Structure formats: structure tokens, C-alpha cells
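Have a look at input23.pdb below; it lists PDB, C-alpha atoms, pLDDT in the B column.
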ATOM      1  CA  MET D  27     100.769  77.384  85.936  1.00 60.00           C
ATOM      2  CA  ALA D  28      99.007  75.566  83.089  1.00 66.00           C
ATOM      3  CA  LEU D  29     101.176  72.490  83.586  1.00 70.00           C
ATOM      4  CA  THR D  30     100.361  72.440  87.301  1.00 73.00           C
ATOM      5  CA  ALA D  31      96.639  72.637  86.521  1.00 70.00           C
ATOM      6  CA  VAL D  32      96.902  69.767  84.035  1.00 71.00           C
ATOM      7  CA  ILE D  33      98.750  67.606  86.568  1.00 75.00           C
ATOM      8  CA  LEU D  34      96.185  68.328  89.289  1.00 76.00           C
ATOM      9  CA  VAL D  35      93.219  67.562  87.021  1.00 70.00           C
ATOM     10  CA  ALA D  36      94.858  64.363  85.785  1.00 74.00           C
ATOM     11  CA  SER D  37      95.571  63.256  89.344  1.00 71.00           C
ATOM     12  CA  TRP D  38      91.999  64.075  90.323  1.00 66.00           C
ATOM     13  CA  ALA D  39      90.626  62.048  87.384  1.00 69.00           C
ATOM     14  CA  ALA D  40      92.864  59.089  88.232  1.00 73.00           C
ATOM     15  CA  ALA D  41      91.855  59.148  91.910  1.00 71.00           C
ATOM     16  CA  SER D  42      88.177  59.326  90.964  1.00 67.00           C
ATOM     17  CA  GLU D  43      88.520  56.446  88.516  1.00 66.00           C
ATOM     18  CA  LEU D  44      90.332  54.270  91.042  1.00 70.00           C
ATOM     19  CA  GLY D  45      88.000  55.075  93.911  1.00 62.00           C
ATOM     20  CA  LYS D  46      84.736  54.631  91.986  1.00 66.00           C
ATOM     21  CA  SER D  47      82.903  56.538  94.703  1.00 65.00           C
ATOM     22  CA  PRO D  48      80.055  59.061  94.326  1.00 64.00           C
ATOM     23  CA  LEU D  49      81.818  61.062  97.042  1.00 67.00           C
ATOM     24  CA  LEU D  50      84.635  61.871  94.614  1.00 72.00           C
ATOM     25  CA  PRO D  51      83.209  62.596  91.149  1.00 74.00           C
ATOM     26  CA  GLY D  52      85.651  63.057  88.314  1.00 71.00           C
ATOM     27  CA  PRO D  53      86.339  66.239  86.345  1.00 77.00           C
ATOM     28  CA  LEU D  54      83.935  65.233  83.565  1.00 80.00           C
ATOM     29  CA  GLU D  55      81.059  64.721  85.960  1.00 81.00           C
ATOM     30  CA  VAL D  56      81.771  68.038  87.664  1.00 78.00           C
ATOM     31  CA  GLY D  57      81.967  69.691  84.246  1.00 81.00           C
ATOM     32  CA  ARG D  58      78.593  68.257  83.264  1.00 83.00           C
ATOM     33  CA  SER D  59      77.065  69.583  86.488  1.00 82.00           C
ATOM     34  CA  LEU D  60      78.574  73.001  85.776  1.00 84.00           C
ATOM     35  CA  VAL D  61      77.219  73.061  82.213  1.00 85.00           C
ATOM     36  CA  SER D  62      73.773  71.997  83.441  1.00 84.00           C
ATOM     37  CA  SER D  63      73.722  74.843  85.965  1.00 83.00           C
ATOM     38  CA  LEU D  64      74.727  77.279  83.244  1.00 84.00           C
ATOM     39  CA  ARG D  65      72.071  76.080  80.826  1.00 85.00           C
ATOM     40  CA  ASP D  66      69.170  76.428  83.238  1.00 83.00           C
ATOM     41  CA  GLY D  67      70.401  79.845  84.392  1.00 81.00           C
ATOM     42  CA  THR D  68      70.820  78.831  88.028  1.00 84.00           C
ATOM     43  CA  LEU D  69      74.534  79.511  88.126  1.00 86.00           C
ATOM     44  CA  VAL D  70      74.297  82.851  86.310  1.00 88.00           C
ATOM     45  CA  ARG D  71      71.662  84.147  88.721  1.00 88.00           C
ATOM     46  CA  ALA D  72      73.636  82.924  91.727  1.00 87.00           C
ATOM     47  CA  VAL D  73      76.880  84.543  90.512  1.00 89.00           C
ATOM     48  CA  ALA D  74      75.126  87.851  89.806  1.00 90.00           C
ATOM     49  CA  LEU D  75      73.438  87.944  93.206  1.00 89.00           C
ATOM     50  CA  SER D  76      76.570  86.984  95.141  1.00 89.00           C
ATOM     51  CA  ALA D  77      78.694  89.473  93.190  1.00 89.00           C
ATOM     52  CA  LEU D  78      76.252  92.296  93.937  1.00 91.00           C
ATOM     53  CA  ARG D  79      76.216  91.443  97.648  1.00 89.00           C
ATOM     54  CA  LEU D  80      79.997  91.229  97.734  1.00 91.00           C
ATOM     55  CA  LEU D  81      80.557  94.558  95.980  1.00 92.00           C
ATOM     56  CA  VAL D  82      78.061  96.423  98.162  1.00 93.00           C
ATOM     57  CA  GLY D  83      79.393  94.970 101.418  1.00 91.00           C
ATOM     58  CA  TYR D  84      83.022  95.476 100.426  1.00 92.00           C
ATOM     59  CA  ALA D  85      82.407  99.087  99.373  1.00 94.00           C
ATOM     60  CA  ILE D  86      80.905  99.824 102.785  1.00 94.00           C
ATOM     61  CA  ALA D  87      83.771  98.018 104.545  1.00 93.00           C
ATOM     62  CA  PHE D  88      86.450  99.859 102.569  1.00 93.00           C
ATOM     63  CA  GLY D  89      84.715 103.212 102.914  1.00 92.00           C
ATOM     64  CA  SER D  90      84.570 102.855 106.694  1.00 91.00           C
ATOM     65  CA  GLY D  91      87.789 100.889 107.302  1.00 90.00           C
ATOM     66  CA  VAL D  92      90.243 103.328 105.702  1.00 90.00           C
ATOM     67  CA  PRO D  93      89.035 106.461 107.554  1.00 91.00           C
ATOM     68  CA  LEU D  94      88.923 104.564 110.843  1.00 89.00           C
ATOM     69  CA  GLY D  95      92.466 103.321 110.261  1.00 88.00           C
ATOM     70  CA  LEU D  96      93.634 106.874 109.591  1.00 88.00           C
ATOM     71  CA  VAL D  97      92.041 108.071 112.823  1.00 87.00           C
ATOM     72  CA  LEU D  98      93.687 105.261 114.788  1.00 87.00           C
ATOM     73  CA  ALA D  99      97.070 106.127 113.294  1.00 84.00           C
ATOM     74  CA  ARG D 100      96.842 109.851 113.978  1.00 80.00           C
ATOM     75  CA  LYS D 101      94.956 110.022 117.275  1.00 80.00           C
ATOM     76  CA  GLU D 102      96.755 108.350 120.155  1.00 76.00           C
ATOM     77  CA  GLY D 103      93.754 108.711 122.440  1.00 78.00           C
ATOM     78  CA  VAL D 104      91.531 106.828 120.004  1.00 76.00           C
ATOM     79  CA  LYS D 105      94.246 104.224 119.505  1.00 77.00           C
ATOM     80  CA  ARG D 106      94.505 103.571 123.245  1.00 81.00           C
ATOM     81  CA  THR D 107      90.732 103.550 123.691  1.00 81.00           C
ATOM     82  CA  ILE D 108      89.436 101.325 120.903  1.00 80.00           C
ATOM     83  CA  GLY D 109      92.608  99.944 119.326  1.00 75.00           C
ATOM     84  CA  PRO D 110      92.832  96.860 121.589  1.00 80.00           C
ATOM     85  CA  LEU D 111      89.109  96.224 121.131  1.00 80.00           C
ATOM     86  CA  LEU D 112      89.366  96.291 117.335  1.00 80.00           C
ATOM     87  CA  LEU D 113      92.413  94.040 117.438  1.00 78.00           C
ATOM     88  CA  GLY D 114      90.479  91.529 119.522  1.00 80.00           C
ATOM     89  CA  LEU D 115      87.405  91.722 117.297  1.00 77.00           C
ATOM     90  CA  ALA D 116      89.554  91.132 114.212  1.00 79.00           C
ATOM     91  CA  SER D 117      90.411  87.655 115.554  1.00 79.00           C
ATOM     92  CA  VAL D 118      86.718  86.674 115.745  1.00 79.00           C
ATOM     93  CA  PRO D 119      85.653  84.548 112.736  1.00 80.00           C
ATOM     94  CA  SER D 120      83.101  86.421 110.658  1.00 77.00           C
ATOM     95  CA  ILE D 121      80.582  83.579 110.913  1.00 79.00           C
ATOM     96  CA  CYS D 122      80.291  84.342 114.634  1.00 81.00           C
ATOM     97  CA  TRP D 123      78.561  87.619 113.757  1.00 82.00           C
ATOM     98  CA  LEU D 124      75.776  85.914 111.811  1.00 81.00           C
ATOM     99  CA  PRO D 125      73.598  84.853 114.793  1.00 83.00           C
ATOM    100  CA  LEU D 126      73.704  88.422 116.109  1.00 84.00           C
ATOM    101  CA  ALA D 127      72.940  89.833 112.663  1.00 83.00           C
ATOM    102  CA  ILE D 128      69.957  87.485 112.330  1.00 84.00           C
ATOM    103  CA  VAL D 129      68.650  88.548 115.745  1.00 84.00           C
ATOM    104  CA  TRP D 130      68.960  92.202 114.693  1.00 84.00           C
ATOM    105  CA  PHE D 131      67.712  91.990 111.091  1.00 83.00           C
ATOM    106  CA  GLY D 132      66.126  88.555 110.687  1.00 79.00           C
ATOM    107  CA  LEU D 133      66.795  86.292 107.701  1.00 77.00           C
ATOM    108  CA  SER D 134      67.423  89.172 105.326  1.00 78.00           C
ATOM    109  CA  GLU D 135      69.943  90.793 103.005  1.00 83.00           C
ATOM    110  CA  ALA D 136      70.887  93.165 105.812  1.00 84.00           C
ATOM    111  CA  ALA D 137      72.047  90.243 107.970  1.00 85.00           C
ATOM    112  CA  ILE D 138      74.392  89.016 105.236  1.00 87.00           C
ATOM    113  CA  GLN D 139      75.718  92.538 104.666  1.00 89.00           C
ATOM    114  CA  VAL D 140      76.474  92.966 108.369  1.00 89.00           C
ATOM    115  CA  VAL D 141      78.606  89.816 108.287  1.00 89.00           C
ATOM    116  CA  ILE D 142      80.427  90.942 105.129  1.00 90.00           C
ATOM    117  CA  VAL D 143      81.124  94.438 106.438  1.00 91.00           C
ATOM    118  CA  LEU D 144      82.357  93.279 109.840  1.00 88.00           C
ATOM    119  CA  GLY D 145      84.471  90.554 108.256  1.00 87.00           C
ATOM    120  CA  ALA D 146      86.173  92.910 105.796  1.00 89.00           C
ATOM    121  CA  ALA D 147      86.295  96.280 107.563  1.00 90.00           C
ATOM    122  CA  LEU D 148      88.465  95.211 110.506  1.00 89.00           C
ATOM    123  CA  PRO D 149      91.445  93.914 108.468  1.00 90.00           C
ATOM    124  CA  ILE D 150      91.264  97.014 106.247  1.00 92.00           C
ATOM    125  CA  THR D 151      91.215  99.256 109.324  1.00 91.00           C
ATOM    126  CA  LEU D 152      94.198  97.567 110.967  1.00 90.00           C
ATOM    127  CA  ALA D 153      96.208  97.490 107.725  1.00 90.00           C
ATOM    128  CA  THR D 154      95.565 101.195 107.111  1.00 90.00           C
ATOM    129  CA  GLU D 155      96.550 102.103 110.656  1.00 89.00           C
ATOM    130  CA  SER D 156      99.747 100.054 110.376  1.00 88.00           C
ATOM    131  CA  ALA D 157     100.631 101.487 106.952  1.00 88.00           C
ATOM    132  CA  VAL D 158     100.314 105.104 108.150  1.00 86.00           C
ATOM    133  CA  ARG D 159     102.200 104.491 111.390  1.00 84.00           C
ATOM    134  CA  GLN D 160     105.095 102.828 109.588  1.00 84.00           C
ATOM    135  CA  LEU D 161     105.733 105.760 107.265  1.00 81.00           C
ATOM    136  CA  PRO D 162     109.191 107.268 107.708  1.00 80.00           C
ATOM    137  CA  PRO D 163     108.997 110.384 109.948  1.00 79.00           C
ATOM    138  CA  SER D 164     110.993 112.284 107.334  1.00 78.00           C
ATOM    139  CA  ILE D 165     107.949 112.307 105.028  1.00 74.00           C
ATOM    140  CA  GLU D 166     105.822 114.193 107.527  1.00 70.00           C
ATOM    141  CA  ARG D 167     108.660 116.517 108.511  1.00 74.00           C
ATOM    142  CA  ALA D 168     109.281 117.436 104.872  1.00 77.00           C
ATOM    143  CA  ALA D 169     105.573 118.060 104.305  1.00 71.00           C
ATOM    144  CA  LEU D 170     105.357 120.257 107.408  1.00 71.00           C
ATOM    145  CA  THR D 171     108.374 122.212 106.266  1.00 75.00           C
ATOM    146  CA  MET D 172     106.611 122.928 102.975  1.00 73.00           C
ATOM    147  CA  GLY D 173     103.489 124.124 104.778  1.00 69.00           C
ATOM    148  CA  ALA D 174     101.227 121.069 104.658  1.00 68.00           C
ATOM    149  CA  ARG D 175      98.866 120.974 107.620  1.00 69.00           C
ATOM    150  CA  GLY D 176      95.655 119.280 108.714  1.00 71.00           C
ATOM    151  CA  TRP D 177      93.629 117.652 105.953  1.00 73.00           C
ATOM    152  CA  THR D 178      96.189 118.616 103.326  1.00 76.00           C
ATOM    153  CA  LEU D 179      98.884 116.730 105.196  1.00 77.00           C
ATOM    154  CA  LEU D 180      96.635 113.741 105.726  1.00 74.00           C
ATOM    155  CA  LEU D 181      95.004 113.431 102.312  1.00 75.00           C
ATOM    156  CA  ARG D 182      97.763 114.659 100.007  1.00 78.00           C
ATOM    157  CA  VAL D 183     100.864 113.367 101.781  1.00 79.00           C
ATOM    158  CA  LEU D 184     100.324 110.620 104.345  1.00 78.00           C
ATOM    159  CA  LEU D 185      97.478 108.757 102.655  1.00 82.00           C
ATOM    160  CA  PRO D 186      99.182 108.521  99.233  1.00 83.00           C
ATOM    161  CA  ALA D 187     102.452 107.482 100.873  1.00 82.00           C
ATOM    162  CA  ALA D 188     100.665 104.689 102.736  1.00 83.00           C
ATOM    163  CA  LEU D 189      98.830 103.359  99.653  1.00 85.00           C
ATOM    164  CA  PRO D 190     100.983 100.211  99.196  1.00 85.00           C
ATOM    165  CA  GLY D 191     100.149  99.061 102.720  1.00 85.00           C
ATOM    166  CA  ILE D 192      96.516 100.087 102.376  1.00 88.00           C
ATOM    167  CA  LEU D 193      96.264  98.069  99.163  1.00 88.00           C
ATOM    168  CA  THR D 194      97.555  95.005 100.988  1.00 88.00           C
ATOM    169  CA  GLY D 195      94.814  95.474 103.563  1.00 89.00           C
ATOM    170  CA  ALA D 196      92.252  96.018 100.809  1.00 90.00           C
ATOM    171  CA  LYS D 197      93.158  92.685  99.208  1.00 90.00           C
ATOM    172  CA  LEU D 198      92.984  90.950 102.569  1.00 89.00           C
ATOM    173  CA  GLY D 199      89.626  92.569 103.218  1.00 90.00           C
ATOM    174  CA  TRP D 200      88.345  91.317  99.850  1.00 91.00           C
ATOM    175  CA  THR D 201      89.283  87.759 100.789  1.00 89.00           C
ATOM    176  CA  PHE D 202      87.560  88.080 104.152  1.00 89.00           C
ATOM    177  CA  ALA D 203      84.497  89.615 102.495  1.00 91.00           C
ATOM    178  CA  LEU D 204      84.196  86.651 100.137  1.00 89.00           C
ATOM    179  CA  ARG D 205      84.514  84.188 103.013  1.00 87.00           C
ATOM    180  CA  SER D 206      81.918  86.083 105.025  1.00 87.00           C
ATOM    181  CA  LEU D 207      79.553  86.141 102.061  1.00 87.00           C
ATOM    182  CA  MET D 208      79.746  82.377 101.602  1.00 86.00           C
ATOM    183  CA  ALA D 209      79.203  81.832 105.328  1.00 83.00           C
ATOM    184  CA  GLY D 210      76.118  84.039 105.303  1.00 82.00           C
ATOM    185  CA  GLU D 211      74.624  82.493 102.186  1.00 82.00           C
ATOM    186  CA  LEU D 212      75.143  78.964 103.444  1.00 79.00           C
ATOM    187  CA  LEU D 213      72.954  79.337 106.485  1.00 73.00           C
ATOM    188  CA  PHE D 214      69.645  80.397 104.981  1.00 67.00           C
ATOM    189  CA  VAL D 215      67.883  80.611 101.641  1.00 63.00           C
ATOM    190  CA  SER D 216      69.576  83.501  99.881  1.00 70.00           C
ATOM    191  CA  GLY D 217      69.809  82.558  96.214  1.00 76.00           C
ATOM    192  CA  GLY D 218      73.573  83.013  95.864  1.00 83.00           C
ATOM    193  CA  LEU D 219      76.520  80.688  95.377  1.00 85.00           C
ATOM    194  CA  GLY D 220      76.466  79.716  99.034  1.00 84.00           C
ATOM    195  CA  GLN D 221      72.871  78.561  98.637  1.00 83.00           C
ATOM    196  CA  LEU D 222      73.878  76.417  95.656  1.00 85.00           C
ATOM    197  CA  LEU D 223      76.522  74.788  97.861  1.00 86.00           C
ATOM    198  CA  GLU D 224      73.832  74.084 100.439  1.00 83.00           C
ATOM    199  CA  THR D 225      71.568  72.640  97.735  1.00 82.00           C
ATOM    200  CA  GLY D 226      74.356  70.309  96.650  1.00 82.00           C
ATOM    201  CA  ARG D 227      74.796  69.164 100.230  1.00 82.00           C
ATOM    202  CA  ASP D 228      71.050  68.562 100.700  1.00 80.00           C
ATOM    203  CA  LEU D 229      70.901  66.486  97.500  1.00 81.00           C
ATOM    204  CA  ALA D 230      74.203  64.710  98.229  1.00 79.00           C
ATOM    205  CA  ASP D 231      75.316  66.056  94.836  1.00 80.00           C
ATOM    206  CA  THR D 232      79.076  66.173  95.284  1.00 85.00           C
ATOM    207  CA  ALA D 233      79.597  67.101  91.643  1.00 84.00           C
ATOM    208  CA  LEU D 234      77.520  70.263  92.100  1.00 85.00           C
ATOM    209  CA  VAL D 235      79.390  71.182  95.275  1.00 87.00           C
ATOM    210  CA  LEU D 236      82.778  70.795  93.577  1.00 87.00           C
ATOM    211  CA  ALA D 237      81.545  72.718  90.533  1.00 87.00           C
ATOM    212  CA  ILE D 238      80.472  75.685  92.678  1.00 87.00           C
ATOM    213  CA  VAL D 239      83.755  75.579  94.611  1.00 89.00           C
ATOM    214  CA  ALA D 240      85.619  75.725  91.290  1.00 87.00           C
ATOM    215  CA  VAL D 241      83.489  78.692  90.207  1.00 88.00           C
ATOM    216  CA  ILE D 242      84.244  80.511  93.475  1.00 88.00           C
ATOM    217  CA  VAL D 243      87.987  79.930  93.030  1.00 87.00           C
ATOM    218  CA  VAL D 244      87.922  81.184  89.430  1.00 87.00           C
ATOM    219  CA  LEU D 245      85.834  84.235  90.282  1.00 87.00           C
ATOM    220  CA  SER D 246      88.072  85.060  93.243  1.00 86.00           C
ATOM    221  CA  ARG D 247      91.213  84.969  91.121  1.00 85.00           C
ATOM    222  CA  ALA D 248      89.556  86.897  88.283  1.00 87.00           C
ATOM    223  CA  SER D 249      88.259  89.601  90.616  1.00 84.00           C
ATOM    224  CA  GLU D 250      91.701  90.082  92.156  1.00 82.00           C
ATOM    225  CA  ARG D 251      93.242  90.483  88.722  1.00 85.00           C
ATOM    226  CA  ILE D 252      90.543  92.888  87.554  1.00 86.00           C
ATOM    227  CA  LEU D 253      90.210  94.991  90.715  1.00 84.00           C
ATOM    228  CA  PHE D 254      93.637  94.952  92.334  1.00 83.00           C
ATOM    229  CA  ALA D 255      96.293  94.045  89.750  1.00 82.00           C
ATOM    230  CA  PRO D 256      95.935  97.326  87.765  1.00 85.00           C
ATOM    231  CA  VAL D 257      96.111  99.354  90.985  1.00 83.00           C
ATOM    232  CA  GLU D 258      99.192  97.416  92.102  1.00 80.00           C
ATOM    233  CA  ARG D 259     100.930  98.147  88.798  1.00 83.00           C
ATOM    234  CA  LEU D 260      99.995 101.821  89.003  1.00 83.00           C
ATOM    235  CA  ILE D 261     101.315 102.134  92.551  1.00 81.00           C
ATOM    236  CA  ALA D 262     104.486 100.233  91.656  1.00 76.00           C
ATOM    237  CA  ARG D 263     105.198 102.646  88.793  1.00 79.00           C
ATOM    238  CA  ARG D 264     104.280 105.692  90.868  1.00 74.00           C
ATOM    239  CA  TRP D 265     106.498 104.658  93.792  1.00 68.00           C
ATOM    240  CA  GLY D 266     109.327 103.432  91.580  1.00 61.00           C
ATOM    241  CA  THR D 267     109.161  99.792  92.692  1.00 56.00           C
ATOM    242  CA  ALA D 268     108.164  98.300  89.316  1.00 49.00           C
ATOM    243  CA  ALA D 269     110.710  96.085  87.594  1.00 46.00           C
ATOM    244  CA  SER D 270     112.577  97.878  84.874  1.00 40.00           C
TER     245      SER D 270
END
Can you turn what I pasted into C-alpha cells?
Amino acid sequence: MALTAVILVASWAAASELGKSPLLPGPLEVGRSLVSSLRDGTLVRAVALSALRLLVGYAIAFGSGVPLGLVLARKEGVKRTIGPLLLGLASVPSICWLPLAIVWFGLSEAAIQVVIVLGAALPITLATESAVRQLPPSIERAALTMGARGWTLLLRVLLPAALPGILTGAKLGWTFALRSLMAGELLFVSGGLGQLLETGRDLADTALVLAIVAVIVVLSRASERILFAPVERLIARRWGTAAS
């Protein structure tokens, strides 16, 4: 991993040096832009604001997506009624929801949150529904034999058994939430990382744009390791799939 990063940075530096173009600044120039943004506090404020928006929107998406997925998996009537609609809506890019959100809520935080929630909730819903439906029938039969019914069956048997698939959907939803956040922040003054990208574009500051992109990549990887990696390890040990 480290060797790959070194090779990529070295190749980037060589291409920048050969091209001598302001459109492709080198790693040092991007690093200087990053340090400057850190010193004046711009980057810290943008990261904090974007992180808060992302966490709030993702929490709403996860809290609504998992129950809806469970309902779709257990209620055939609901599945036939709204299942095809949700599947079609899931293929719509999240940025397409922004004009509607702006019409509803104006240029506000609520508009960005609508885009985040719609972008993340649908993949979580579909992944949850698929994970519950793909459980072996023997699990439910065994639970019924031991007297599990209703909410007990759902919450203490089926939902825990489907956790590996739900976690996959949760990670996918996180990625979609981050993309939706950047799309929303790019289109109007919002103070987050997306707005810094827009500022770099307005000033033709390619170094700033690349610096913010690098920050987004690092934060995305770090958040996945902090939020999802411990849960993955716990589930792997609990379900006996961890390497010995």
C-alpha cells in the first residue's frame, strides 16, 4: 500500500514537472495549498461542517432504510406495491433530487439533507430487504419451533442473522451519502468541503481543488475504518467467519 502511494506520488510529480502547466500542479504545490487552508482555519471549519451534515443525514437514512427494508422483506403486499418503485428510484442519481429539494426548502441545510437521505436510504433499504430474503428458511423454521413469533422473531432472529448483508448496504449507503453531500454543497454557498471545491474552480486554483479531493479521499477511508471496520470484525467473530 505504502509503495503504491509512493509510486503514484512520484509519477504525479514527474508528470507535473514535465508538463509545466498550472492545470496540473505538483504534490508540493498541492501540499502548500493544504497547509495554507489548515493555517487559516478554512479547511477545519469545512471538514467539521461537512462531517456534521453527513452524520445527521446518514443517521436519518439508516434509521429509515433498515425498517423499510425489513417491511419489504416480510410483507409481500408492500413488496409488490412499492418495491418496483423503490428499485427504479434507486437508479436515479442523487444530484437529480437537488432541484426538487431547493424548490421545497430553498437554498438551505434542509435541501442538502434531503439529497443525502434520499441518496443513502434507498441502497440501505434494498440491501436490507435482500439480506433478509436470502436467509436460509431453516433459520426461521427453527425459531418458530422454539416459540419465536412476531417482533421477537424479527428483532432477535432474522435481523441479527441478516446483519452481514445489512452492513454491506450500510457501507454502500455511506458512500452514496458522501457523494450526495458533495453534490449538494457544490451547487450553492454552504461552507463545507464542496464549497471549497467550488471556490477552487472559481479562482482557477487547481492546487486547492486537488488538495480538497485528497482530503475527501482520506476522510472517506478513515471514516470507513473507524465506523465500519470494528463492526465487520465483530460480526465476523460472532458468525464464525473470521480467519483463525
Within 9 Å of (73.3, 92.9, 100.9) in the file's own coordinates, which protein, DNA or RNA residues have an atom, counting all atoms listed in the file? List them as an NGL selection string.
:D and (76 or 78-83 or 134-140 or 142)
Using all atoms listed in the file, which of D:Leu96, D:Val241, D:Leu207, D:Leu212 sits nearest D:Leu152?
D:Leu96
Report the residues retrieved by the PyMOL selection byres ((chain D and resi 187) around 10) from the displayed file, expressed as a list of chain:residue names.
D:Ala157, D:Val158, D:Leu161, D:Pro162, D:Ile165, D:Leu180, D:Leu181, D:Arg182, D:Val183, D:Leu184, D:Leu185, D:Pro186, D:Ala188, D:Leu189, D:Pro190, D:Gly191, D:Ile192, D:Ile261, D:Trp265
Could you please determine the separation between atom CA of D:Ser59 and atom CA of D:Ala248 in Å, to one decimal place?
21.4 Å
Record the distance separating atom CA of D:Phe88 and atom CA of D:Ala196, expressed in Å with one decimal.
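Distance between the two atoms: 7.2 Å.
Minimum atom-to-atom distance to D:Gly95, evaluated using all atoms listed in the file, belongs to D:Ile150 out of D:Ala203, D:Leu126, D:Ile150, D:Leu222.
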List the spatial neighbours of stretch 147-149 of chain D as a list of chain:residue names - criterion: any atom at most 7 Å away, all atoms listed in the file, same-chain residues fewer than 6 positions off excluded.
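So, after excluding close chain neighbours, the residues are D:Ala87, D:Phe88, D:Ser90, D:Gly91, D:Leu112, D:Ala116, D:Gly195, D:Leu198, D:Gly199.
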